[in-house]
file input10.cif (mmCIF, C-alpha atoms)
data_data
#
loop_
_atom_site.label_atom_id
_atom_site.label_comp_id
_atom_site.auth_asym_id
_atom_site.auth_seq_id
_atom_site.Cartn_x
_atom_site.Cartn_y
_atom_site.Cartn_z
CA MET A 70 37.59 14.83 18.90
CA ALA A 71 36.86 17.07 15.96
CA GLN A 72 33.15 16.60 16.11
CA ASP A 73 33.02 17.77 19.70
CA SER A 74 34.14 21.24 18.73
CA SER A 75 30.80 21.90 17.09
CA ASN A 76 27.59 21.77 19.01
CA THR A 77 25.37 20.55 16.21
CA PHE A 78 23.94 17.08 15.79
CA GLU A 79 22.02 15.23 13.15
CA VAL A 80 18.23 15.43 13.13
CA ARG A 81 16.10 13.09 11.07
CA VAL A 82 12.34 13.16 10.93
CA ILE A 83 10.95 10.08 9.22
CA THR A 84 7.31 9.38 8.41
CA PRO A 85 5.83 6.26 6.85
CA ASP A 86 5.67 8.02 3.48
CA ARG A 87 8.83 10.06 3.26
CA THR A 88 11.85 11.51 4.97
CA PHE A 89 10.25 14.64 6.33
CA TYR A 90 13.37 16.47 7.39
CA LYS A 91 17.08 15.80 7.57
CA GLY A 92 19.73 18.20 8.69
CA GLU A 93 22.02 19.58 11.39
CA ALA A 94 20.65 21.37 14.42
CA THR A 95 21.82 22.79 17.72
CA MET A 96 18.56 22.16 19.53
CA VAL A 97 15.25 20.35 19.09
CA GLU A 98 12.18 20.84 21.21
CA PHE A 99 8.95 18.86 21.30
CA ASN A 100 6.20 17.59 23.55
CA THR A 101 6.33 14.09 25.08
CA THR A 102 4.08 12.04 27.32
CA GLU A 103 6.28 13.15 30.23
CA GLY A 104 6.20 16.84 29.31
CA GLU A 105 7.96 19.21 26.96
CA ILE A 106 11.63 18.63 26.42
CA GLY A 107 14.48 20.33 24.63
CA ILE A 108 17.54 18.46 23.45
CA TYR A 109 21.10 19.63 22.95
CA LYS A 110 24.06 17.67 21.70
CA ASN A 111 25.31 14.76 23.84
CA HIS A 112 21.99 14.07 25.41
CA ILE A 113 21.73 10.83 27.32
CA PRO A 114 20.41 7.99 25.04
CA MET A 115 16.69 7.90 25.45
CA THR A 116 13.49 6.85 23.74
CA VAL A 117 10.42 8.97 24.38
CA ILE A 118 6.84 8.89 23.19
CA ILE A 119 5.35 11.93 21.50
CA LYS A 120 2.30 13.87 22.54
CA PRO A 121 0.75 16.31 20.06
CA GLY A 122 2.67 19.57 20.10
CA ILE A 123 5.07 21.75 18.19
CA LEU A 124 8.39 20.47 16.96
CA THR A 125 11.02 23.19 16.85
CA ILE A 126 14.31 22.52 15.15
CA THR A 127 16.90 25.20 15.79
CA GLY A 128 19.80 25.14 13.37
CA GLU A 129 20.97 27.95 11.13
CA ASP A 130 17.36 29.03 11.10
CA VAL A 131 14.38 27.94 13.16
CA LYS A 132 11.95 25.44 11.70
CA LYS A 133 8.58 24.59 13.17
CA ALA A 134 6.17 21.78 12.44
CA ALA A 135 3.08 20.30 14.06
CA LEU A 136 4.02 16.88 15.41
CA HIS A 137 1.12 14.67 16.40
CA SER A 138 2.22 11.16 17.19
CA GLY A 139 5.18 8.85 17.07
CA PHE A 140 8.30 8.38 19.11
CA VAL A 141 11.82 9.72 19.26
CA GLU A 142 15.13 7.98 19.57
CA ILE A 143 17.68 10.27 21.14
CA LEU A 144 21.38 9.48 20.94
CA GLY A 145 24.36 11.65 21.79
CA ASP A 146 25.01 12.77 18.23
CA SER A 147 21.69 12.22 16.54
CA VAL A 148 17.97 12.51 17.09
CA THR A 149 15.61 10.39 15.05
CA ILE A 150 11.94 11.23 15.14
CA LEU A 151 9.64 8.50 13.90
CA ALA A 152 6.52 10.49 13.26
CA GLU A 153 3.24 8.89 12.34
CA VAL A 154 1.70 12.27 11.67
CA ILE A 155 3.59 15.52 11.16
CA GLU A 156 2.90 18.66 9.12
CA TRP A 157 4.72 21.78 8.04
CA PRO A 158 2.79 24.97 8.82
CA ASP A 159 1.94 25.54 5.14
CA GLU A 160 0.31 22.12 4.92
CA ILE A 161 -2.18 22.93 7.62
CA ASP A 162 -5.72 24.07 7.03
CA GLU A 163 -6.23 26.59 9.83
CA MET A 164 -9.99 26.76 9.48
CA ARG A 165 -10.27 23.03 9.90
CA ALA A 166 -8.02 23.08 12.93
CA MET A 167 -10.15 25.82 14.49
CA ALA A 168 -13.29 23.81 13.90
CA ALA A 169 -11.67 20.71 15.38
CA LYS A 170 -10.58 22.70 18.43
CA GLU A 171 -14.07 24.00 19.06
CA ARG A 172 -15.55 20.55 18.61
CA ALA A 173 -13.10 19.02 21.08
CA GLU A 174 -13.66 21.80 23.60
CA ARG A 175 -17.41 21.38 23.37
CA LEU A 176 -17.10 17.63 23.87
CA LEU A 177 -14.95 18.14 26.93
CA ALA A 178 -17.23 20.85 28.33
CA GLN A 179 -20.33 18.70 28.04
CA LYS A 180 -18.89 16.15 30.47
CA ASP A 181 -21.01 13.49 28.85
CA PRO A 182 -20.07 10.10 30.34
CA LYS A 183 -20.32 8.59 26.89
CA THR A 184 -17.54 10.70 25.35
CA ASP A 185 -14.09 9.27 25.14
CA ILE A 186 -12.26 11.88 27.23
CA ALA A 187 -8.75 10.75 26.32
CA ARG A 188 -9.59 10.93 22.66
CA ALA A 189 -11.18 14.34 22.87
CA GLU A 190 -8.16 15.61 24.80
CA THR A 191 -5.78 14.32 22.15
CA ALA A 192 -7.93 15.92 19.47
CA LEU A 193 -7.79 19.21 21.34
CA LEU A 194 -4.02 19.00 21.73
CA ARG A 195 -3.68 18.23 18.06
CA ALA A 196 -5.82 21.17 17.02
CA MET A 197 -3.92 23.49 19.38
CA ALA A 198 -0.60 22.34 17.93
CA ARG A 199 -1.85 23.03 14.42
CA ILE A 200 -3.10 26.47 15.31
CA ASN A 201 -0.04 27.46 17.34
CA VAL A 202 2.45 26.40 14.72
CA LYS A 203 0.69 28.66 12.22
CA LYS A 204 1.31 31.73 14.34
CA MET B 120 -7.48 -26.87 -42.88
CA ALA B 121 -9.49 -24.11 -41.25
CA SER B 122 -11.17 -21.76 -43.67
CA MET B 123 -9.74 -18.37 -44.48
CA ARG B 124 -12.57 -16.63 -42.74
CA ASP B 125 -12.10 -18.55 -39.51
CA ILE B 126 -8.42 -17.78 -39.41
CA LYS B 127 -9.04 -14.14 -40.11
CA ARG B 128 -11.60 -13.88 -37.35
CA ARG B 129 -9.32 -15.62 -34.87
CA ARG B 130 -6.43 -13.39 -35.79
CA SER B 131 -8.36 -10.20 -35.28
CA SER B 132 -9.67 -11.40 -31.92
CA ILE B 133 -6.14 -12.14 -30.76
CA GLN B 134 -5.04 -8.81 -32.08
CA SER B 135 -7.53 -6.95 -29.92
CA THR B 136 -6.62 -9.06 -26.89
CA GLY B 137 -3.01 -8.18 -27.55
CA GLN B 138 -3.90 -4.51 -27.64
CA ILE B 139 -5.60 -4.80 -24.28
CA THR B 140 -2.70 -6.62 -22.66
CA LYS B 141 -0.30 -4.09 -24.12
CA ALA B 142 -2.30 -1.22 -22.65
CA MET B 143 -2.51 -2.99 -19.30
CA LYS B 144 1.20 -3.49 -19.33
CA LEU B 145 1.79 0.22 -19.91
CA VAL B 146 -0.61 1.14 -17.13
CA SER B 147 1.00 -1.18 -14.62
CA THR B 148 4.46 0.01 -15.62
CA VAL B 149 3.50 3.54 -14.69
CA LYS B 150 1.83 2.37 -11.48
CA LEU B 151 4.86 0.29 -10.65
CA GLN B 152 7.13 3.31 -10.87
CA ARG B 153 4.95 5.18 -8.42
CA THR B 154 4.40 2.36 -5.96
CA LYS B 155 8.05 1.38 -6.10
CA GLN B 156 8.99 4.91 -5.14
CA ALA B 157 6.55 4.77 -2.23
CA ALA B 158 8.09 1.51 -1.07
CA VAL B 159 11.58 3.00 -1.17
CA ASN B 160 10.48 6.17 0.63
CA SER B 161 8.95 4.32 3.53
CA LYS B 162 11.69 1.75 3.99
CA SER B 163 13.78 3.74 6.46
CA TYR B 164 10.78 4.26 8.72
CA PHE B 165 10.16 0.54 9.03
CA ASP B 166 13.80 -0.29 9.51
CA TYR B 167 13.99 2.16 12.39
CA MET B 168 10.74 0.96 13.86
CA TYR B 169 11.83 -2.64 13.72
CA ARG B 170 15.22 -1.92 15.24
CA THR B 171 13.87 0.22 18.04
CA VAL B 172 11.28 -2.35 19.08
CA LYS B 173 13.87 -5.12 18.99
CA SER B 174 16.37 -3.20 21.07
CA MET B 175 13.63 -2.22 23.46
CA LEU B 176 12.67 -5.83 23.99
CA ALA B 177 16.29 -6.80 24.41
CA ARG B 178 16.52 -4.34 27.26
CA ALA B 179 13.16 -5.19 28.68
CA GLY B 180 14.55 -8.67 29.43
CA GLU B 181 12.27 -10.52 31.81
CA ILE B 182 9.29 -8.32 31.19
CA ASN B 183 5.95 -10.01 31.67
CA HIS B 184 3.86 -8.27 29.09
CA PRO B 185 1.09 -9.81 26.96
CA TYR B 186 2.66 -8.40 23.79
CA VAL B 187 5.74 -10.49 24.47
CA CYS B 188 4.42 -13.53 26.31
CA GLY B 189 1.21 -14.09 24.38
CA ASN B 190 -2.12 -15.17 25.80
CA ASP B 191 -4.00 -18.44 26.13
CA SER B 192 -6.08 -18.28 22.97
CA ASN B 193 -4.99 -20.71 20.28
CA LYS B 194 -6.73 -18.74 17.54
CA LYS B 195 -4.39 -17.19 15.02
CA ALA B 196 -5.22 -14.13 12.99
CA VAL B 197 -3.73 -13.87 9.53
CA VAL B 198 -3.85 -10.57 7.69
CA MET B 199 -3.78 -11.64 4.08
CA ILE B 200 -2.82 -9.04 1.50
CA THR B 201 -3.70 -9.85 -2.09
CA GLY B 202 -4.98 -7.79 -5.00
CA ASN B 203 -8.52 -6.76 -5.79
CA ARG B 204 -7.96 -7.66 -9.41
CA GLY B 205 -6.63 -10.65 -11.25
CA LEU B 206 -4.46 -10.90 -14.35
CA ALA B 207 -1.32 -10.54 -12.33
CA GLY B 208 0.33 -13.89 -12.94
CA GLY B 209 0.86 -15.89 -9.77
CA TYR B 210 0.61 -12.89 -7.46
CA ASN B 211 -2.73 -13.72 -5.82
CA SER B 212 -2.49 -17.49 -5.89
CA ASN B 213 0.99 -17.47 -4.36
CA ILE B 214 -0.32 -15.78 -1.23
CA VAL B 215 -3.30 -18.15 -1.05
CA LYS B 216 -0.96 -21.11 -1.40
CA LEU B 217 1.36 -19.68 1.23
CA VAL B 218 -1.44 -19.59 3.79
CA THR B 219 -3.23 -22.83 2.88
CA ARG B 220 0.01 -24.80 2.77
CA SER B 221 1.59 -23.31 5.88
CA GLU B 222 1.88 -25.42 9.01
CA LEU B 223 -0.82 -23.35 10.67
CA ASN B 224 -3.93 -25.36 11.46
CA LYS B 225 -6.91 -24.48 9.32
CA GLU B 226 -9.29 -24.69 12.31
CA ASP B 227 -7.26 -22.19 14.33
CA LEU B 228 -7.08 -19.54 11.67
CA ILE B 229 -9.11 -16.38 11.31
CA ILE B 230 -8.38 -14.66 8.02
CA TYR B 231 -8.43 -10.87 7.86
CA PRO B 232 -8.65 -10.51 4.10
CA MET B 233 -7.29 -7.45 2.37
CA GLY B 234 -7.90 -7.93 -1.34
CA LYS B 235 -10.92 -9.50 -3.02
CA LYS B 236 -9.00 -12.24 -4.78
CA GLY B 237 -7.60 -13.69 -1.59
CA ARG B 238 -10.93 -13.36 0.15
CA GLU B 239 -12.80 -15.26 -2.56
CA ALA B 240 -10.23 -18.05 -2.54
CA MET B 241 -10.27 -18.45 1.25
CA LEU B 242 -14.06 -18.43 1.23
CA ARG B 243 -13.99 -21.24 -1.30
CA TYR B 244 -11.58 -23.26 0.84
CA GLY B 245 -13.87 -22.76 3.83
CA TYR B 246 -11.64 -20.71 6.11
CA GLU B 247 -13.05 -18.57 8.88
CA LEU B 248 -13.12 -14.98 7.70
CA ALA B 249 -13.21 -11.71 9.62
CA ASP B 250 -14.47 -8.46 8.10
CA ASP B 251 -13.46 -7.52 4.61
CA TYR B 252 -10.72 -4.90 4.35
CA SER B 253 -10.35 -5.08 0.57
CA GLU B 254 -10.97 -1.43 -0.17
CA MET B 255 -7.79 -0.50 1.74
CA ILE B 256 -5.47 -2.02 -0.80
CA ASP B 257 -6.63 0.20 -3.67
CA ALA B 258 -4.70 3.14 -2.26
CA PRO B 259 -2.77 2.23 0.90
CA GLU B 260 -3.06 4.93 3.53
CA TYR B 261 -1.42 4.92 6.91
CA VAL B 262 -4.73 5.61 8.64
CA ASP B 263 -6.17 2.43 7.11
CA ALA B 264 -3.36 0.40 8.59
CA MET B 265 -4.01 2.14 11.92
CA ARG B 266 -7.65 1.11 11.81
CA LEU B 267 -6.89 -2.50 11.06
CA ALA B 268 -4.14 -2.61 13.67
CA SER B 269 -6.48 -1.33 16.37
CA VAL B 270 -9.08 -3.96 15.46
CA LEU B 271 -6.42 -6.65 15.71
CA LEU B 272 -4.96 -5.36 18.96
CA ASN B 273 -8.36 -5.11 20.59
CA ALA B 274 -9.12 -8.72 19.65
CA TYR B 275 -5.68 -9.67 20.95
CA LYS B 276 -6.17 -7.88 24.24
CA ALA B 277 -9.63 -9.41 24.64
CA GLY B 278 -8.07 -12.86 24.25
CA GLU B 279 -9.99 -13.67 21.07
CA ILE B 280 -6.81 -14.27 19.16
CA GLY B 281 -3.46 -15.45 20.47
CA GLU B 282 -1.18 -14.77 17.54
CA ILE B 283 -1.14 -12.33 14.65
CA TYR B 284 0.45 -13.06 11.30
CA LEU B 285 0.85 -11.06 8.14
CA ALA B 286 0.88 -12.69 4.71
CA TYR B 287 2.20 -10.29 2.09
CA THR B 288 4.39 -10.15 -0.97
CA ASN B 289 7.87 -8.84 -0.42
CA PHE B 290 9.04 -6.57 -3.21
CA LYS B 291 12.68 -7.46 -3.77
CA ASN B 292 13.04 -5.83 -7.15
CA THR B 293 10.98 -5.36 -10.28
CA VAL B 294 11.15 -9.02 -11.26
CA VAL B 295 11.52 -10.83 -7.94
CA HIS B 296 8.61 -10.78 -5.48
CA GLU B 297 8.37 -13.36 -2.76
CA PRO B 298 5.30 -14.20 -0.70
CA LYS B 299 6.06 -14.01 3.00
CA LEU B 300 4.34 -15.03 6.19
CA MET B 301 5.47 -12.93 9.12
CA LYS B 302 4.60 -13.16 12.79
CA LEU B 303 3.63 -9.81 14.31
CA LEU B 304 2.54 -10.71 17.82
CA PRO B 305 3.64 -11.96 20.27
CA ILE B 306 7.00 -10.53 19.33
CA ASP B 307 9.81 -13.00 18.96
CA LYS B 308 12.78 -12.13 21.07
CA GLN B 309 15.28 -14.34 19.25
CA ASP B 310 17.77 -11.79 18.07
CA GLU B 311 18.31 -10.00 21.32
CA ILE B 312 21.25 -7.74 21.63
CA GLU B 313 23.39 -9.08 24.42
CA GLY B 314 26.01 -7.91 26.82
CA PRO B 315 27.05 -4.47 27.98
CA VAL B 316 27.72 -2.16 25.07
CA ASN B 317 29.71 1.00 24.84
CA GLU B 318 27.62 4.10 25.11
CA LYS B 319 29.15 5.58 21.96
CA GLU B 320 28.27 2.61 19.80
CA GLY B 321 25.13 4.06 18.36
CA PRO B 322 21.73 2.41 18.34
CA GLU B 323 22.81 -0.48 20.56
CA ALA B 324 23.92 1.84 23.32
CA PRO B 325 22.03 1.43 26.59
CA MET B 326 18.78 3.21 26.13
CA ASN B 327 16.64 4.95 28.68
CA PHE B 328 12.94 4.90 28.31
CA GLU B 329 10.53 7.55 29.27
CA PRO B 330 7.99 6.35 30.32
CA GLU B 331 9.23 3.01 31.66
CA GLU B 332 9.60 0.00 29.35
CA GLU B 333 6.26 -1.56 30.12
CA GLU B 334 4.36 1.65 29.56
CA ALA B 335 6.45 2.37 26.49
CA LEU B 336 5.66 -1.08 25.11
CA ASN B 337 1.97 -0.34 25.43
CA LEU B 338 2.42 2.77 23.34
CA ILE B 339 5.00 1.62 20.83
CA VAL B 340 3.73 -1.87 19.96
CA PRO B 341 0.53 -0.58 18.32
CA LYS B 342 2.69 1.74 16.22
CA TYR B 343 4.95 -1.19 15.42
CA VAL B 344 2.05 -3.38 14.27
CA THR B 345 0.58 -0.51 12.26
CA SER B 346 3.82 0.26 10.52
CA ILE B 347 4.49 -3.38 9.62
CA ILE B 348 1.00 -3.74 8.18
CA TYR B 349 1.41 -0.51 6.25
CA GLY B 350 4.79 -1.65 4.99
CA GLY B 351 3.25 -4.95 3.91
CA MET B 352 0.52 -3.11 2.05
CA ILE B 353 2.94 -0.87 0.21
CA GLU B 354 5.28 -3.69 -0.75
CA SER B 355 2.37 -5.86 -1.86
CA VAL B 356 0.96 -3.15 -4.09
CA ALA B 357 4.35 -2.63 -5.69
CA SER B 358 4.66 -6.40 -6.18
CA GLU B 359 1.18 -6.62 -7.66
CA ASN B 360 1.99 -4.03 -10.28
CA GLY B 361 5.31 -5.69 -10.99
CA ALA B 362 3.65 -9.08 -11.34
CA ARG B 363 0.94 -7.68 -13.59
CA MET B 364 3.47 -5.91 -15.75
CA GLN B 365 5.37 -9.16 -16.26
CA ALA B 366 2.24 -11.19 -16.89
CA MET B 367 0.95 -8.70 -19.41
CA ASP B 368 4.32 -8.49 -21.11
CA ASN B 369 4.28 -12.26 -21.55
CA ALA B 370 0.71 -12.17 -22.79
CA THR B 371 1.57 -9.50 -25.36
CA THR B 372 4.56 -11.49 -26.58
CA ASN B 373 2.43 -14.61 -26.87
CA ALA B 374 -0.27 -12.75 -28.75
CA GLU B 375 2.29 -11.44 -31.23
CA GLU B 376 3.66 -14.91 -31.74
CA MET B 377 0.20 -16.32 -32.37
CA ILE B 378 -0.62 -13.53 -34.79
CA ASP B 379 2.54 -14.31 -36.76
CA LYS B 380 1.59 -17.97 -36.88
CA LEU B 381 -1.98 -17.26 -37.91
CA THR B 382 -0.88 -14.78 -40.58
CA LEU B 383 1.28 -17.50 -42.08
CA GLN B 384 -1.61 -19.96 -41.98
CA TYR B 385 -3.94 -17.40 -43.51
CA ASN B 386 -1.60 -16.69 -46.39
CA ARG B 387 -1.17 -20.38 -47.01
CA ALA B 388 -4.92 -20.88 -47.03
CA ARG B 389 -5.35 -17.95 -49.39
CA GLN B 390 -2.68 -19.27 -51.71
CA GLY B 391 -4.27 -22.72 -51.50
CA SER B 392 -7.68 -21.39 -52.41
CA ILE B 393 -6.35 -19.42 -55.39
CA THR B 394 -4.48 -22.46 -56.67
CA GLN B 395 -7.61 -24.52 -56.26
CA GLU B 396 -9.73 -21.98 -58.11
CA LEU B 397 -7.22 -21.86 -60.94
CA THR B 398 -7.12 -25.63 -61.27
CA GLU B 399 -10.89 -25.68 -61.31
CA ILE B 400 -11.10 -23.06 -64.07
CA ILE B 401 -8.46 -24.83 -66.15
CA ALA B 402 -10.12 -28.19 -65.61
CA GLY B 403 -13.46 -26.64 -66.63
CA SER B 404 -12.16 -25.07 -69.79
CA GLN B 405 -10.41 -28.31 -70.77
CA ALA B 406 -13.62 -30.27 -70.31
CA GLN B 407 -15.42 -27.83 -72.64
CA ASN B 408 -12.98 -28.39 -75.45
#
call {"tool": "encode", "arguments": {"input": "input10.cif", "output": "C-alpha cells"}}
result
Amino acid sequence: MAQDSSNTFEVRVITPDRTFYKGEATMVEFNTTEGEIGIYKNHIPMTVIIKPGILTITGEDVKKAALHSGFVEILGDSVTILAEVIEWPDEIDEMRAMAAKERAERLLAQKDPKTDIARAETALLRAMARINVKK
Amino acid sequence: MASMRDIKRRRSSIQSTGQITKAMKLVSTVKLQRTKQAAVNSKSYFDYMYRTVKSMLARAGEINHPYVCGNDSNKKAVVMITGNRGLAGGYNSNIVKLVTRSELNKEDLIIYPMGKKGREAMLRYGYELADDYSEMIDAPEYVDAMRLASVLLNAYKAGEIGEIYLAYTNFKNTVVHEPKLMKLLPIDKQDEIEGPVNEKEGPEAPMNFEPEEEEALNLIVPKYVTSIIYGGMIESVASENGARMQAMDNATTNAEEMIDKLTLQYNRARQGSITQELTEIIAGSQAQN
C-alpha cells in the first residue's frame, strides 16, 4: 500500500477547549502510568493513561509540550491524545513551576501522615515536567 | 380615551424598555458568538471521550465494576444546569420542567444545582438540594467540572447516590436548543460493539489496555464524567445566550410595535383635543354675538 512507504502517522492532541495539535509525525513519546513509551507507526492498538511528563512529537521538527493528564488512543496509523491539561513551553510560568516543585518536595520530605502522598507526588511530577520542557 | 399625557408617558417608558432589550440583545449576540465557538472547539474531545469509553466497555464485557453495575442506593443525583439570570425566554423553565416532569421520583432525587434560577425553582418545589454550584456557570472552566465530578464520584463510591444524571440544554444551532436529561452513571452498555472486527478498521479494532480494563475504568470514568459535565456546561451557556438573544429580539420587536400603536393613539388624541378646542372657541364667539 502507498501509505506504508512512508513512516509517518497522524497525531492529534485534543483538549476540552481546543485542538491543541494536529499533524504528521514519525514518533511520539510520553509518560504513562506504566512507564515512558515511544510510539512509531503501526503500533499495536492500545489505550494508555497519562502520567505527568513531557510529550515529544518528532516530525519534520521536534515539538515538546508538558502533558499532565488524560489518556491516549493508539492505532496503527494514528495517535489521539485526549489531554485534560497540556501546555506549550511558552505558556508555562517557570517561576511558578519552581515554587510548586519546592512545595511538593517539602511536603514529601516532611513525611507528615496527614499529607496526601499521591497528590503531592503528582504535583511534583507536574512541576518537573513543566521545568524540564522549558529547558 | 386616555389623555395625551398618559399616552406620552407610557410611550416613553416603553421606549426606554425597548432600548434596554435592544442592548441586551446585542450583548447576548456577541456572547453567543464566543460561546458557540467554544462549544464547537470542544466537540471533538467529547466525541472521542464518549467513543473510547463505549468501546472500552464493549470490550470489558462481563466486568463487575461499580461504575457499570451500579450500587444499592436508590438515591439519584441530578446535576441541573440553568442560568444565573432570567430574561432568556423558556431557557430556565424548560430545564425545571424537564426534571419535575421526568419519571424520576421526587423523593429519590438530590439536585446539584448549577445556576441560581434552577436552584430557586427547585427550592420552591421542595426538592432535596445539595451544595450550590451556581458560580461555575458564569465562566465554565474545566477545573470546575473536575471539582463537581469528584464530589459526585465520591458520593457514588460511598453509596450515598446510586445514579447520576445531567440535565442540560443541548445547543443544536442558534435557534434550536433542546433540554436534555442524560444518565452519566452507571454507564449504559446498550450500544456495545459486537463481534470480532478487523484490526485495520480503525477505532473499533481490538484494543489493548494498559493498565488492565478494570484499572483503566477507574482512571478513565472520572475523566468521562468530568468531560460530559463540562460539555453540558458549555452547551448550556451557548444555549442560554441564544435563548436570551431570541427573547430580547422578540421583546424589541414588540416594543417597536407598541410604540407605533401608541404614537398613532397620541396623534389622534392630539388632533381630537385641537378639534375640541376649536369647537369650543367657535361656540364661545358665537354665543357672544
call {"tool": "resolve_selection", "arguments": {"input": "input10.cif", "expression": "the PyMOL selection byres ((chain B) within 7 of (chain A))", "output": "MDAnalysis selection string"}}
result
chainID B and resid 157 160:161 164 325:330
call {"tool": "resolve_selection", "arguments": {"input": "input10.cif", "expression": "the PyMOL selection byres ((chain B and resi 209-219) around 10)", "output": "number ranges by chain"}}
result
B: 197, 199-208, 220-225, 228, 230, 234-238, 240-241, 244, 246, 285-288, 296-300, 355, 358-363, 366
call {"tool": "atom_distance", "arguments": {"input": "input10.cif", "atom1": "atom CA of Ala196 of chain A", "atom2": "atom CA of Pro182 of chain A"}}
result
22.4 Å
call {"tool": "closest_residue", "arguments": {"input": "input10.cif", "among": "A:Ile186, A:Val131, A:Val148, A:Val202", "to": "Ile161 of chain A", "atoms": "all atoms listed in the file"}}
result
A:Val202
call {"tool": "residues_near_point", "arguments": {"input": "input10.cif", "point": "(22.6, 24.1, 11.2)", "cutoff": "12 Å", "atoms": "all atoms listed in the file", "output": "ChimeraX atom specification"}}
result
/A:75-80,91-97,126-132
call {"tool": "residues_around", "arguments": {"input": "input10.cif", "residues": "Ile126 of chain B", "least_positions_apart": "6", "cutoff": "12 Å", "atoms": "only C-alpha atoms", "output": "list in words"}}
result
Met120, Ser132, Ile133, Met377, Ile378, Asp379, Lys380, Leu381, Thr382, Leu383, Gln384, Tyr385, Asn386, Arg387, Ala388 and Arg389 of chain B
call {"tool": "atom_distance", "arguments": {"input": "input10.cif", "atom1": "atom CA of Asp162 of chain A", "atom2": "atom CA of Glu105 of chain A"}}
result
24.7 Å
call {"tool": "atom_distance", "arguments": {"input": "input10.cif", "atom1": "atom CA of Leu176 of chain A", "atom2": "atom CA of Lys120 of chain A"}}
result
19.8 Å
call {"tool": "residues_near_point", "arguments": {"input": "input10.cif", "point": "(-16.2, -6.8, 4.1)", "cutoff": "12 Å", "atoms": "all atoms listed in the file", "output": "list of chain:residue names"}}
result
B:Ile230, B:Tyr231, B:Pro232, B:Met233, B:Gly234, B:Lys235, B:Arg238, B:Glu239, B:Leu248, B:Ala249, B:Asp250, B:Asp251, B:Tyr252, B:Ser253, B:Glu254, B:Met255
call {"tool": "closest_residue", "arguments": {"input": "input10.cif", "among": "A:Glu163, A:Ala173, A:Phe89, A:Glu98", "to": "Ala189 of chain A", "atoms": "all atoms listed in the file"}}
result
A:Ala173
call {"tool": "axis_aligned_box", "arguments": {"input": "input10.cif", "around": "segment 202-219 of chain B", "padding_each_side": "4 Å", "output": "JSON"}}
result
{"center_x": -3.6, "center_y": -14.8, "center_z": -5.3, "size_x": 17.9, "size_y": 24.1, "size_z": 26.1}
